[in-house]
$ cat work.cif   # mmCIF, C-alpha atoms
data_target
#
loop_
_atom_site.label_atom_id
_atom_site.label_comp_id
_atom_site.auth_asym_id
_atom_site.auth_seq_id
_atom_site.Cartn_x
_atom_site.Cartn_y
_atom_site.Cartn_z
CA MET A 1 28.22 -222.66 -25.76
CA SER A 2 31.17 -223.17 -23.46
CA GLY A 3 31.94 -219.55 -22.60
CA TYR A 4 35.61 -220.02 -23.43
CA THR A 5 37.19 -217.43 -25.69
CA VAL A 6 40.13 -217.64 -28.05
CA GLU A 7 42.08 -215.35 -25.72
CA TYR A 8 41.41 -217.59 -22.75
CA ILE A 9 42.62 -220.72 -24.57
CA GLN A 10 45.66 -218.83 -25.86
CA GLU A 11 46.65 -217.68 -22.39
CA LYS A 12 46.28 -221.15 -20.95
CA LEU A 13 48.40 -222.80 -23.66
CA LYS A 14 51.03 -220.03 -23.50
CA LYS A 15 51.44 -220.45 -19.78
CA GLU A 16 51.94 -224.22 -19.86
CA LEU A 17 53.64 -224.89 -23.17
CA ASN A 18 55.66 -221.73 -23.72
CA PRO A 19 55.15 -221.89 -27.50
CA ILE A 20 57.28 -220.01 -30.01
CA HIS A 21 54.23 -219.93 -32.26
CA LEU A 22 50.57 -220.33 -31.37
CA GLU A 23 47.37 -220.13 -33.36
CA VAL A 24 43.94 -220.56 -31.82
CA VAL A 25 40.81 -220.36 -33.95
CA ASP A 26 37.21 -220.62 -32.82
CA LEU A 27 35.46 -222.71 -35.45
CA SER A 28 32.02 -222.17 -33.91
CA ASP A 29 31.57 -218.48 -34.68
CA GLY A 30 32.51 -217.32 -31.21
CA CYS A 31 30.42 -219.91 -29.38
CA GLY A 32 33.49 -221.52 -27.85
CA ALA A 33 32.29 -224.99 -28.83
CA LYS A 34 34.91 -225.91 -31.41
CA PHE A 35 38.50 -224.78 -31.43
CA SER A 36 41.44 -225.42 -33.67
CA VAL A 37 44.93 -224.93 -32.25
CA LEU A 38 48.42 -224.96 -33.72
CA VAL A 39 51.17 -225.13 -31.13
CA VAL A 40 54.89 -224.93 -31.89
CA SER A 41 56.97 -225.55 -28.80
CA GLU A 42 60.41 -226.70 -27.77
CA LYS A 43 58.73 -228.80 -25.12
CA PHE A 44 57.68 -231.21 -27.89
CA GLU A 45 61.29 -232.01 -28.75
CA GLY A 46 61.99 -235.73 -28.49
CA LYS A 47 58.35 -236.61 -27.87
CA PRO A 48 56.14 -238.70 -30.18
CA LEU A 49 53.10 -237.10 -31.74
CA LEU A 50 50.68 -238.76 -29.35
CA ALA A 51 52.60 -237.42 -26.35
CA GLN A 52 52.61 -233.93 -27.87
CA HIS A 53 48.84 -234.01 -28.35
CA ARG A 54 48.41 -235.35 -24.85
CA MET A 55 50.28 -232.33 -23.50
CA VAL A 56 47.86 -229.99 -25.27
CA ASN A 57 44.85 -231.98 -24.09
CA GLY A 58 46.30 -231.96 -20.59
CA CYS A 59 46.45 -228.17 -20.55
CA LEU A 60 42.79 -227.98 -21.41
CA ASP A 61 41.65 -230.87 -19.27
CA GLU A 62 38.94 -228.97 -17.45
CA GLU A 63 37.83 -227.03 -20.53
CA MET A 64 37.47 -230.19 -22.66
CA LYS A 65 34.42 -231.15 -20.64
CA LYS A 66 32.59 -228.22 -22.17
CA ILE A 67 34.31 -227.89 -25.52
CA HIS A 68 32.75 -230.15 -28.11
CA ALA A 69 35.73 -230.51 -30.39
CA LEU A 70 39.35 -229.52 -30.37
CA THR A 71 41.48 -229.88 -33.47
CA ILE A 72 45.15 -230.10 -32.55
CA LYS A 73 48.23 -229.63 -34.64
CA THR A 74 51.60 -229.69 -32.93
CA MET A 75 55.09 -229.08 -34.26
CA LYS A 76 58.60 -228.91 -32.97
CA PRO A 77 60.42 -225.65 -33.73
CA THR A 78 62.60 -227.41 -36.34
CA GLN A 79 59.53 -228.72 -38.19
CA TRP A 80 57.92 -225.31 -38.05
CA GLU A 81 61.00 -223.59 -39.52
CA LYS A 82 61.25 -226.19 -42.24
CA GLN A 83 57.62 -225.67 -43.20
CA ASN A 84 58.06 -221.92 -43.36
CA THR A 85 61.14 -222.01 -45.55
CA THR A 86 59.68 -224.35 -48.18
CA MET B 1 13.12 -256.09 -29.57
CA ALA B 2 15.35 -258.77 -31.04
CA ALA B 3 13.12 -259.07 -34.07
CA PHE B 4 13.21 -255.34 -34.57
CA VAL B 5 16.99 -255.29 -34.41
CA LEU B 6 17.20 -258.13 -36.88
CA GLN B 7 14.88 -256.28 -39.21
CA LYS B 8 17.00 -253.14 -38.92
CA LEU B 9 20.15 -255.13 -39.63
CA ALA B 10 18.56 -256.83 -42.58
CA SER B 11 17.57 -253.53 -44.12
CA LYS B 12 21.09 -252.19 -43.61
CA VAL B 13 22.57 -255.26 -45.24
CA LEU B 14 20.26 -254.92 -48.21
CA ARG B 15 21.00 -251.25 -48.59
CA HIS B 16 24.78 -251.45 -48.43
CA ASN B 17 25.11 -255.01 -49.65
CA PRO B 18 28.23 -255.87 -47.70
CA ALA B 19 29.54 -259.40 -47.30
CA PRO B 20 27.19 -261.67 -45.32
CA PHE B 21 29.58 -262.10 -42.40
CA CYS B 22 28.85 -258.52 -41.40
CA VAL B 23 25.52 -259.64 -39.97
CA ALA B 24 27.23 -262.03 -37.60
CA THR B 25 29.73 -259.36 -36.53
CA LYS B 26 27.01 -256.85 -35.79
CA LEU B 27 24.92 -259.34 -33.85
CA ARG B 28 27.89 -260.30 -31.75
CA SER B 29 28.80 -256.73 -30.93
CA PHE B 30 25.19 -256.07 -30.00
CA SER B 31 25.09 -258.82 -27.43
CA GLU B 32 28.50 -257.76 -26.08
CA GLN B 33 27.14 -254.34 -25.25
CA LYS B 34 25.11 -255.79 -22.41
CA ALA B 35 28.20 -256.32 -20.29
CA GLN B 36 30.14 -253.52 -18.63
CA TRP B 37 33.09 -251.93 -20.35
CA THR B 38 35.90 -252.51 -17.91
CA ASN B 39 39.49 -251.68 -18.84
CA GLU B 40 40.19 -255.42 -19.13
CA ARG B 41 37.37 -255.87 -21.60
CA ILE B 42 38.42 -252.89 -23.72
CA ASP B 43 41.95 -254.26 -23.62
CA GLU B 44 40.68 -257.53 -25.09
CA VAL B 45 38.70 -255.72 -27.75
CA VAL B 46 41.59 -253.51 -28.96
CA LYS B 47 43.86 -256.56 -29.23
CA LYS B 48 41.31 -258.70 -31.06
CA ASP B 49 41.85 -257.03 -34.43
CA LYS B 50 44.94 -255.51 -36.00
CA VAL B 51 43.10 -252.24 -36.48
CA VAL B 52 40.30 -251.15 -34.16
CA VAL B 53 38.29 -247.94 -34.36
CA PHE B 54 35.90 -246.53 -31.76
CA MET B 55 33.73 -244.11 -33.65
CA LYS B 56 30.39 -242.37 -33.93
CA GLY B 57 28.30 -244.35 -36.40
CA ILE B 58 29.54 -247.21 -38.55
CA PRO B 59 32.14 -247.20 -41.35
CA GLU B 60 29.37 -247.36 -43.95
CA GLN B 61 27.67 -244.39 -42.32
CA PRO B 62 29.80 -242.28 -39.96
CA MET B 63 27.72 -239.91 -37.82
CA CYS B 64 30.45 -237.35 -37.21
CA GLY B 65 32.89 -235.56 -39.49
CA PHE B 66 35.93 -236.58 -37.44
CA SER B 67 34.94 -240.25 -37.47
CA ASN B 68 34.40 -239.95 -41.20
CA VAL B 69 37.94 -238.63 -41.71
CA VAL B 70 39.35 -241.69 -39.95
CA VAL B 71 37.28 -244.06 -42.10
CA GLN B 72 38.33 -242.24 -45.28
CA ILE B 73 42.03 -242.29 -44.37
CA LEU B 74 41.96 -246.02 -43.58
CA GLY B 75 40.14 -246.57 -46.87
CA MET B 76 42.88 -244.76 -48.79
CA HIS B 77 45.39 -247.22 -47.34
CA GLY B 78 43.20 -250.14 -48.40
CA VAL B 79 42.12 -250.92 -44.84
CA ASP B 80 38.43 -251.64 -45.25
CA VAL B 81 37.94 -254.40 -42.70
CA TYR B 82 38.69 -253.56 -39.08
CA GLY B 83 37.15 -253.82 -35.66
CA ASN B 84 34.72 -250.95 -35.31
CA TYR B 85 32.57 -249.99 -32.36
CA ASN B 86 29.81 -247.42 -32.44
CA VAL B 87 29.94 -245.40 -29.22
CA LEU B 88 26.61 -243.73 -30.00
CA GLU B 89 24.90 -247.04 -29.31
CA ASP B 90 26.61 -247.52 -25.98
CA GLU B 91 27.22 -244.72 -23.51
CA GLY B 92 29.21 -247.07 -21.27
CA LEU B 93 31.64 -247.77 -24.07
CA ARG B 94 31.89 -244.07 -24.93
CA GLN B 95 33.04 -243.23 -21.41
CA GLY B 96 34.96 -246.46 -20.88
CA VAL B 97 37.20 -246.07 -23.90
CA LYS B 98 37.99 -242.44 -22.99
CA GLU B 99 39.17 -243.57 -19.58
CA TYR B 100 41.03 -246.55 -21.00
CA SER B 101 43.22 -244.38 -23.24
CA SER B 102 43.11 -241.17 -21.17
CA TRP B 103 42.05 -239.49 -24.37
CA PRO B 104 39.08 -237.12 -24.20
CA THR B 105 37.53 -237.53 -27.63
CA ILE B 106 36.07 -239.98 -30.16
CA PRO B 107 37.15 -241.31 -32.69
CA GLN B 108 40.02 -243.40 -31.32
CA VAL B 109 42.23 -245.61 -33.48
CA TYR B 110 44.19 -248.62 -32.21
CA ILE B 111 46.76 -250.46 -34.30
CA GLY B 112 48.31 -253.68 -32.99
CA GLY B 113 46.55 -253.16 -29.67
CA GLU B 114 48.21 -249.77 -29.13
CA PHE B 115 46.38 -246.46 -29.03
CA LEU B 116 47.53 -244.46 -32.05
CA GLY B 117 45.44 -241.33 -31.67
CA GLY B 118 42.33 -239.53 -32.80
CA CYS B 119 41.42 -237.81 -36.03
CA ASP B 120 44.19 -235.17 -36.00
CA ILE B 121 46.97 -237.64 -35.31
CA MET B 122 45.68 -239.97 -38.03
CA MET B 123 45.68 -237.03 -40.43
CA GLN B 124 49.18 -235.91 -39.47
CA MET B 125 50.56 -239.48 -39.68
CA HIS B 126 48.82 -240.01 -42.99
CA GLN B 127 50.43 -236.86 -44.37
CA ASN B 128 53.95 -237.57 -43.11
CA GLY B 129 53.93 -241.24 -44.09
CA GLU B 130 54.12 -242.66 -40.58
CA LEU B 131 50.76 -244.38 -40.91
CA ILE B 132 52.20 -246.61 -43.64
CA GLU B 133 54.90 -247.72 -41.18
CA GLU B 134 52.42 -248.29 -38.37
CA LEU B 135 50.35 -250.53 -40.63
CA GLN B 136 53.46 -252.36 -41.76
CA LYS B 137 54.30 -253.21 -38.16
CA VAL B 138 51.13 -255.30 -37.93
CA GLY B 139 51.61 -256.83 -41.38
CA ILE B 140 49.27 -254.63 -43.37
CA ARG B 141 50.65 -253.33 -46.64
CA SER B 142 49.23 -249.91 -47.40
CA LEU B 143 47.54 -249.53 -50.76
CA LEU B 144 49.39 -246.24 -51.15
CA LEU B 145 52.69 -248.16 -51.46
CA ASP B 146 51.32 -250.09 -54.44
CA LYS B 147 50.08 -246.88 -55.99
CA ALA B 148 53.48 -245.24 -55.55
CA GLU B 149 55.16 -248.17 -57.29
CA GLU B 150 52.69 -248.08 -60.14
CA ASP B 151 53.32 -244.39 -60.64
CA LYS B 152 57.04 -245.09 -60.79
CA LYS B 153 56.57 -247.74 -63.46
CA ASN B 154 54.37 -245.50 -65.52
CA SER B 155 56.62 -242.49 -65.40
#

$ encode --input "work.cif" --output "structure tokens"
Amino acid sequence: MSGYTVEYIQEKLKKELNPIHLEVVDLSDGCGAKFSVLVVSEKFEGKPLLAQHRMVNGCLDEEMKKIHALTIKTMKPTQWEKQNTT
Amino acid sequence: MAAFVLQKLASKVLRHNPAPFCVATKLRSFSEQKAQWTNERIDEVVKKDKVVVFMKGIPEQPMCGFSNVVVQILGMHGVDVYGNYNVLEDEGLRQGVKEYSSWPTIPQVYIGGEFLGGCDIMMQMHQNGELIEELQKVGIRSLLLDKAEEDKKNS
């Protein structure tokens, strides 16, 4: 149990990555041990996947010490729009 | 202790029946664990094989769902032989490799000596085809390319 809530993670990611779309799911039934996040942000533009994931990890640097697992999916706005239209 | 380890290895070999050279590989990695995992040493290890995975458990028996995903994805591309290191057997390695790559979680995949990512990145690159290209860069032809060609012929 990490004590971190979905709202807390959301706020933190919003502040640093300014996403146009954000999904945070607690996969540990509210225990705050396992989260899954989807971040769509313009800040990812021109950056390789690894760099994008590093940005998300960087936001949650301190929290990662307590969170057991974090599943990350990142997209650029163009990729996100493409996925939603098909 | 050594005899016990040998016995354990022997039973694993019998159970999974892999090629005999596996025994030598495992013994070598066991003795290596005695030394400290400095960045230089990890650097050597990730460059030793074209594909290197730091994981929980071993490819024949992953001890974590995320490590299992990595093993399964590599298997789909026909990559069955690669450098693999079980961080559960070595706390120093577990911490050392996280610092080496500045990446907070295990598993970690390295191709051509470069850190590629963890489970999510492997999955995303598998889905968008980039993994095939990454393997190609180090001279590994993905099995999925052969399958795609076969499908073309048959259709």

$ closest_atom_pairs --input "work.cif" --of "chain B" --to "chain A" --cutoff "9 Å" --atoms "all atoms listed in the file" --output "CSV"
residue,atom,partner,partner_atom,distance
B:Ser102,CA,A:Arg54,CA,8.7
B:Trp103,CA,A:Arg54,CA,7.6
B:Pro104,CA,A:Met64,CA,7.3
B:Thr105,CA,A:Ala69,CA,7.8
B:Phe115,CA,A:Leu50,CA,8.8
B:Leu116,CA,A:Leu50,CA,7.1
B:Gly117,CA,A:Leu50,CA,6.3
B:Cys119,CA,A:Thr71,CA,8.3
B:Asp120,CA,A:Ile72,CA,6.2
B:Ile121,CA,A:Leu50,CA,7.1
B:Gln124,CA,A:Lys73,CA,8.0
B:Met125,CA,A:Leu49,CA,8.7

$ resolve_selection --input "work.cif" --expression "the PyMOL selection byres ((chain A and resi 28-42) around 10)" --output "count of residues only"
45

$ residues_around --input "work.cif" --residues "range 56-63 of chain B" --least-positions-apart "3" --cutoff "10 Å" --atoms "all atoms listed in the file" --output "VMD selection string"
chain B and resid 12 16 18 53 66 to 72 75 80 to 82 84 to 89 94 106 to 107

$ atom_distance --input "work.cif" --atom1 "CA of Gly96 in chain B" --atom2 "CA of Trp37 in chain B"
5.8 Å

$ atom_distance --input "work.cif" --atom1 "CA of Glu91 in chain B" --atom2 "CA of Cys64 in chain B"
15.9 Å

$ resolve_selection --input "work.cif" --expression "the PyMOL selection byres ((chain B and resi 139-151) around 10)" --output "NGL selection string"
:B and (50-51 or 74-79 or 112 or 129 or 131-138 or 152-155)

$ closest_residue --input "work.cif" --among "B:Ile73, B:Gly113, B:Ser101, B:Gly83" --to "Glu44 in chain B" --atoms "only C-alpha atoms"
B:Gly113

$ atom_distance --input "work.cif" --atom1 "CA of Val52 in chain B" --atom2 "CA of Gln127 in chain B"
20.3 Å

$ residues_around --input "work.cif" --residues "Thr38 in chain B" --least-positions-apart "6" --cutoff "12 Å" --atoms "only C-alpha atoms" --output "JSON, numbers by chain"
{"B": [44, 45, 92, 93, 94, 95, 96, 97, 98, 99, 100]}

$ decode --input "work.cif" --residues "range 11-64 of chain A" --atoms "C-alpha atoms" --output "short mmCIF file (atom, residue, chain, number, x, y, z; two decimals), in the first residue's frame"
data_model
loop_
_atom_site.label_atom_id
_atom_site.label_comp_id
_atom_site.auth_asym_id
_atom_site.auth_seq_id
_atom_site.Cartn_x
_atom_site.Cartn_y
_atom_site.Cartn_z
CA GLU A 11 -2.61 15.96 -10.69
CA LYS A 12 1.10 15.33 -10.75
CA LEU A 13 1.15 14.25 -14.41
CA LYS A 14 -1.15 17.11 -15.43
CA LYS A 15 1.09 19.68 -13.84
CA GLU A 16 4.30 18.49 -15.49
CA LEU A 17 3.20 17.12 -18.84
CA ASN A 18 0.19 19.27 -19.67
CA PRO A 19 -1.58 16.38 -21.41
CA ILE A 20 -4.48 16.80 -23.82
CA HIS A 21 -5.69 13.40 -22.69
CA LEU A 22 -4.88 11.48 -19.52
CA GLU A 23 -6.06 8.20 -18.09
CA VAL A 24 -4.90 6.85 -14.74
CA VAL A 25 -6.15 3.52 -13.45
CA ASP A 26 -5.35 1.87 -10.14
CA LEU A 27 -4.88 -1.82 -10.92
CA SER A 28 -4.55 -2.78 -7.26
CA ASP A 29 -8.13 -2.15 -6.14
CA GLY A 30 -7.37 1.21 -4.58
CA CYS A 31 -4.21 0.08 -2.80
CA GLY A 32 -2.05 2.43 -4.84
CA ALA A 33 0.44 -0.34 -5.58
CA LYS A 34 -0.07 -0.73 -9.32
CA PHE A 35 -1.06 2.00 -11.72
CA SER A 36 -1.65 2.14 -15.42
CA VAL A 37 -1.36 5.51 -17.16
CA LEU A 38 -2.07 6.75 -20.66
CA VAL A 39 -0.62 10.16 -21.40
CA VAL A 40 -1.19 12.12 -24.62
CA SER A 41 0.91 15.26 -24.72
CA GLU A 42 2.42 17.69 -27.17
CA LYS A 43 5.57 17.56 -25.10
CA PHE A 44 6.24 14.11 -26.60
CA GLU A 45 6.50 15.54 -30.10
CA GLY A 46 9.84 14.72 -31.71
CA LYS A 47 10.91 12.46 -28.86
CA PRO A 48 11.55 8.70 -29.12
CA LEU A 49 9.38 6.34 -27.11
CA LEU A 50 12.03 5.73 -24.48
CA ALA A 51 12.39 9.47 -23.87
CA GLN A 52 8.61 9.83 -23.57
CA HIS A 53 8.44 7.07 -20.98
CA ARG A 54 11.37 8.59 -19.15
CA MET A 55 9.45 11.85 -18.86
CA VAL A 56 6.54 10.04 -17.21
CA ASN A 57 8.86 8.13 -14.90
CA GLY A 58 10.61 11.39 -14.08
CA CYS A 59 7.36 12.98 -12.94
CA LEU A 60 6.76 10.14 -10.53
CA ASP A 61 10.35 9.71 -9.41
CA GLU A 62 9.63 9.91 -5.71
CA GLU A 63 6.40 7.92 -5.93
CA MET A 64 8.05 5.05 -7.85
#
